[in-house]
Each structure stands twice: as structure tokens, then as C-alpha cells.
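Okay, structure first, notes after.
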Amino acid sequence: MRHFLIATALILPSPVLAQGIVPQDGTWTSTAEVTGFSDACPDEIQPILDQMSAAFDQTEEHQIVWDGTFDPNTLPGNSGDGIVWTQVTDTDWTGLLAPAEMGTTLADVTMGIRGPDRIESEIEMYVGALLAARGMALSGLDDCTARIAMNWTAGD
């Protein structure tokens, strides 16, 4: 699973300018890193968690045109992959990754613009649900989560 999937969405409210923070158009670099796993993840699945970390830990460049407004739907991969975004403040959004075809919530996402060249995102991925969606259902993973930091920076 590529991390840009996390940035795809359907939108509920209309976006507004984020307290005058207008994101720069141009080259944006996204960096994703698994920052940890919950204590509820059993030691027996460590090889799976290591594979998950390797899949998410990556850096990519994208050309983005924001049209003067921060809106997570503008990020690459906007093909309706299942994140539904809700704007909670002028600068922050929450998202729920729950693709209809999977019938379950895979992740909770927060995203906020911190400057014209910086966006920060945190993802709480439900490991048991993700594995079950991939046909690898394992018992005892209901509370096992992965924490993923995803940051976007503009500029060359």
C-alpha cells in the first residue's frame, strides 16, 4: 500500500482559507514513517509489522496546484480510495479511512497546514483490520495499531 492512499478522500464541508495560510503551488515532497506500534501488538507478528514499516517508510515528490486553498483532497491519489475528510478548524482536518468495499475502518487520520510550505499528518492504522482486508485475518489484533507520521514540504 502506498502512503499517498492515505491522502485521498471525499470531502464533506467546503474548504476555507486556513487563517491566511495559502499553500505554495509546485513540488511537494511527502515523507512517511512508521513511528511506533501500540503495546497491544503481540510479539509474534513482529515480522508483519517490520514489513508494514518498510512499505510505509518512503519519500515521494509530487506536483501540486492548490488553487489558493488547503484541502486534503488536492493531494495526489485523489481517486476516492476511502478517506472521508471533515474540516475541524481553519487549519486542521480529520479523516476516516473506511473503504466501502472493505466494510471496516482501517485508519483515523489528522492533517493540518502549518505554513505555506508545510503540512503535517498523523495516521493511526488499525493493523488487525488492515490484515483482515488483505485476507490475513489474525486473532488478538483488535487493539493493535501503527502510528504513522506523514509530512509534506514544498520547495526544491
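Each chain in the C-alpha cells gets a letter, A, B, ..., in the order shown, and its residues are numbered from 1; ligands are numbered from 1 in order too.
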
- Message: At a cut-off of 6 Å, using only C-alpha atoms, what residues contact segment 107-111 of chain A? Leave out same-chain residues fewer than 2 positions from it and give the result as a PyMOL selection string.
- Response: chain A and resi 92-97+105+120-126

Any chance you could export the current selection's N, CA and C atoms as a PDB file, in the first residue's frame?
```pdb
ATOM      1  N   ASP A  92      -7.007  22.575  10.288  1.00  0.00           N
ATOM      2  CA  ASP A  92      -6.933  21.141  10.579  1.00  0.00           C
ATOM      3  C   ASP A  92      -8.144  20.360  10.089  1.00  0.00           C
ATOM      4  N   TRP A  93      -7.861  19.130   9.675  1.00  0.00           N
ATOM      5  CA  TRP A  93      -8.875  18.212   9.178  1.00  0.00           C
ATOM      6  C   TRP A  93      -8.706  16.867   9.872  1.00  0.00           C
ATOM      7  N   THR A  94      -9.781  16.119   9.972  1.00  0.00           N
ATOM      8  CA  THR A  94      -9.708  14.722  10.399  1.00  0.00           C
ATOM      9  C   THR A  94     -10.275  13.877   9.276  1.00  0.00           C
ATOM     10  N   GLY A  95      -9.767  12.675   9.175  1.00  0.00           N
ATOM     11  CA  GLY A  95     -10.230  11.775   8.133  1.00  0.00           C
ATOM     12  C   GLY A  95     -10.425  10.378   8.668  1.00  0.00           C
ATOM     13  N   LEU A  96     -11.289   9.660   8.010  1.00  0.00           N
ATOM     14  CA  LEU A  96     -11.581   8.279   8.356  1.00  0.00           C
ATOM     15  C   LEU A  96     -11.388   7.442   7.101  1.00  0.00           C
ATOM     16  N   LEU A  97     -10.431   6.520   7.145  1.00  0.00           N
ATOM     17  CA  LEU A  97     -10.187   5.620   6.019  1.00  0.00           C
ATOM     18  C   LEU A  97     -11.043   4.384   6.225  1.00  0.00           C
ATOM     19  N   THR A 105     -13.260   0.188   9.249  1.00  0.00           N
ATOM     20  CA  THR A 105     -12.363   1.330   9.359  1.00  0.00           C
ATOM     21  C   THR A 105     -10.929   0.830   9.426  1.00  0.00           C
ATOM     22  N   GLU A 120       1.401  18.698   8.048  1.00  0.00           N
ATOM     23  CA  GLU A 120       1.706  17.564   8.918  1.00  0.00           C
ATOM     24  C   GLU A 120       0.490  16.666   9.024  1.00  0.00           C
ATOM     25  N   SER A 121       0.736  15.372   9.096  1.00  0.00           N
ATOM     26  CA  SER A 121      -0.351  14.404   9.203  1.00  0.00           C
ATOM     27  C   SER A 121       0.057  13.273  10.131  1.00  0.00           C
ATOM     28  N   GLU A 122      -0.910  12.781  10.890  1.00  0.00           N
ATOM     29  CA  GLU A 122      -0.718  11.614  11.752  1.00  0.00           C
ATOM     30  C   GLU A 122      -1.783  10.590  11.386  1.00  0.00           C
ATOM     31  N   ILE A 123      -1.372   9.346  11.305  1.00  0.00           N
ATOM     32  CA  ILE A 123      -2.274   8.262  10.922  1.00  0.00           C
ATOM     33  C   ILE A 123      -2.222   7.196  12.005  1.00  0.00           C
ATOM     34  N   GLU A 124      -3.383   6.754  12.447  1.00  0.00           N
ATOM     35  CA  GLU A 124      -3.467   5.607  13.344  1.00  0.00           C
ATOM     36  C   GLU A 124      -4.108   4.483  12.547  1.00  0.00           C
ATOM     37  N   MET A 125      -3.273   3.542  12.129  1.00  0.00           N
ATOM     38  CA  MET A 125      -3.709   2.430  11.281  1.00  0.00           C
ATOM     39  C   MET A 125      -4.072   1.242  12.163  1.00  0.00           C
ATOM     40  N   TYR A 126      -5.251   0.677  11.921  1.00  0.00           N
ATOM     41  CA  TYR A 126      -5.704  -0.492  12.676  1.00  0.00           C
ATOM     42  C   TYR A 126      -5.155  -1.742  12.001  1.00  0.00           C
TER      43      TYR A 126
END
```

Shell around segment 39-46 of chain A at 6 Å using only C-alpha atoms, local window under 3 positions removed, as an mmCIF file with N, CA and C atoms, in the first residue's frame:
```
data_model
loop_
_atom_site.group_PDB
_atom_site.id
_atom_site.type_symbol
_atom_site.label_atom_id
_atom_site.label_comp_id
_atom_site.auth_asym_id
_atom_site.auth_seq_id
_atom_site.Cartn_x
_atom_site.Cartn_y
_atom_site.Cartn_z
ATOM 1 N N LEU A 49 4.849 -6.573 11.169
ATOM 2 C CA LEU A 49 4.991 -5.154 11.489
ATOM 3 C C LEU A 49 6.231 -4.571 10.809
ATOM 4 N N ASP A 143 -6.795 -4.350 19.106
ATOM 5 C CA ASP A 143 -6.268 -3.094 19.635
ATOM 6 C C ASP A 143 -4.852 -2.782 19.151
ATOM 7 N N CYS A 144 -4.365 -3.538 18.191
ATOM 8 C CA CYS A 144 -3.020 -3.328 17.649
ATOM 9 C C CYS A 144 -3.085 -2.216 16.597
#
```

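Nearest to Asp71 of chain A of all the residues A:Ala149, A:Ala98, A:Leu106, A:Val22 is A:Val22, counting only C-alpha atoms.
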
- strand (DSSP E or B) per DSSP on the backbone: members of segment 11-125 of chain A, as a ChimeraX atom specification: /A:11,18,21,26-37,58-64,83-87,92-97,107-115,118-125

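For the set A:Ala137, A:Ala154, A:Val34, A:Ala100, the residue with the smallest atom-to-atom gap to Ile83 of chain A is A:Ala100, counting only C-alpha atoms.
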
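DSSP secondary structure from the backbone places Gln46, Pro47, Ile48, Leu49, Asp50, Gln51, Met52, Ser53, Ala54, Ala55, Phe56, Val127, Gly128, Ala129, Leu130, Leu131, Ala132 and Ala133 of chain A of segment 27-150 of chain A in alpha helix (DSSP H).
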
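Put simply, atom CA of Leu138 of chain A is 17.1 Å away from atom CA of Gly103 of chain A.
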
- Task: Tell me which protein, DNA and RNA residues are within 8 Å of Gln63 of chain A, counting only C-alpha atoms, leaving out same-chain ones fewer than 5 positions away, and put them as a ChimeraX atom specification.
- Result: /A:25-28
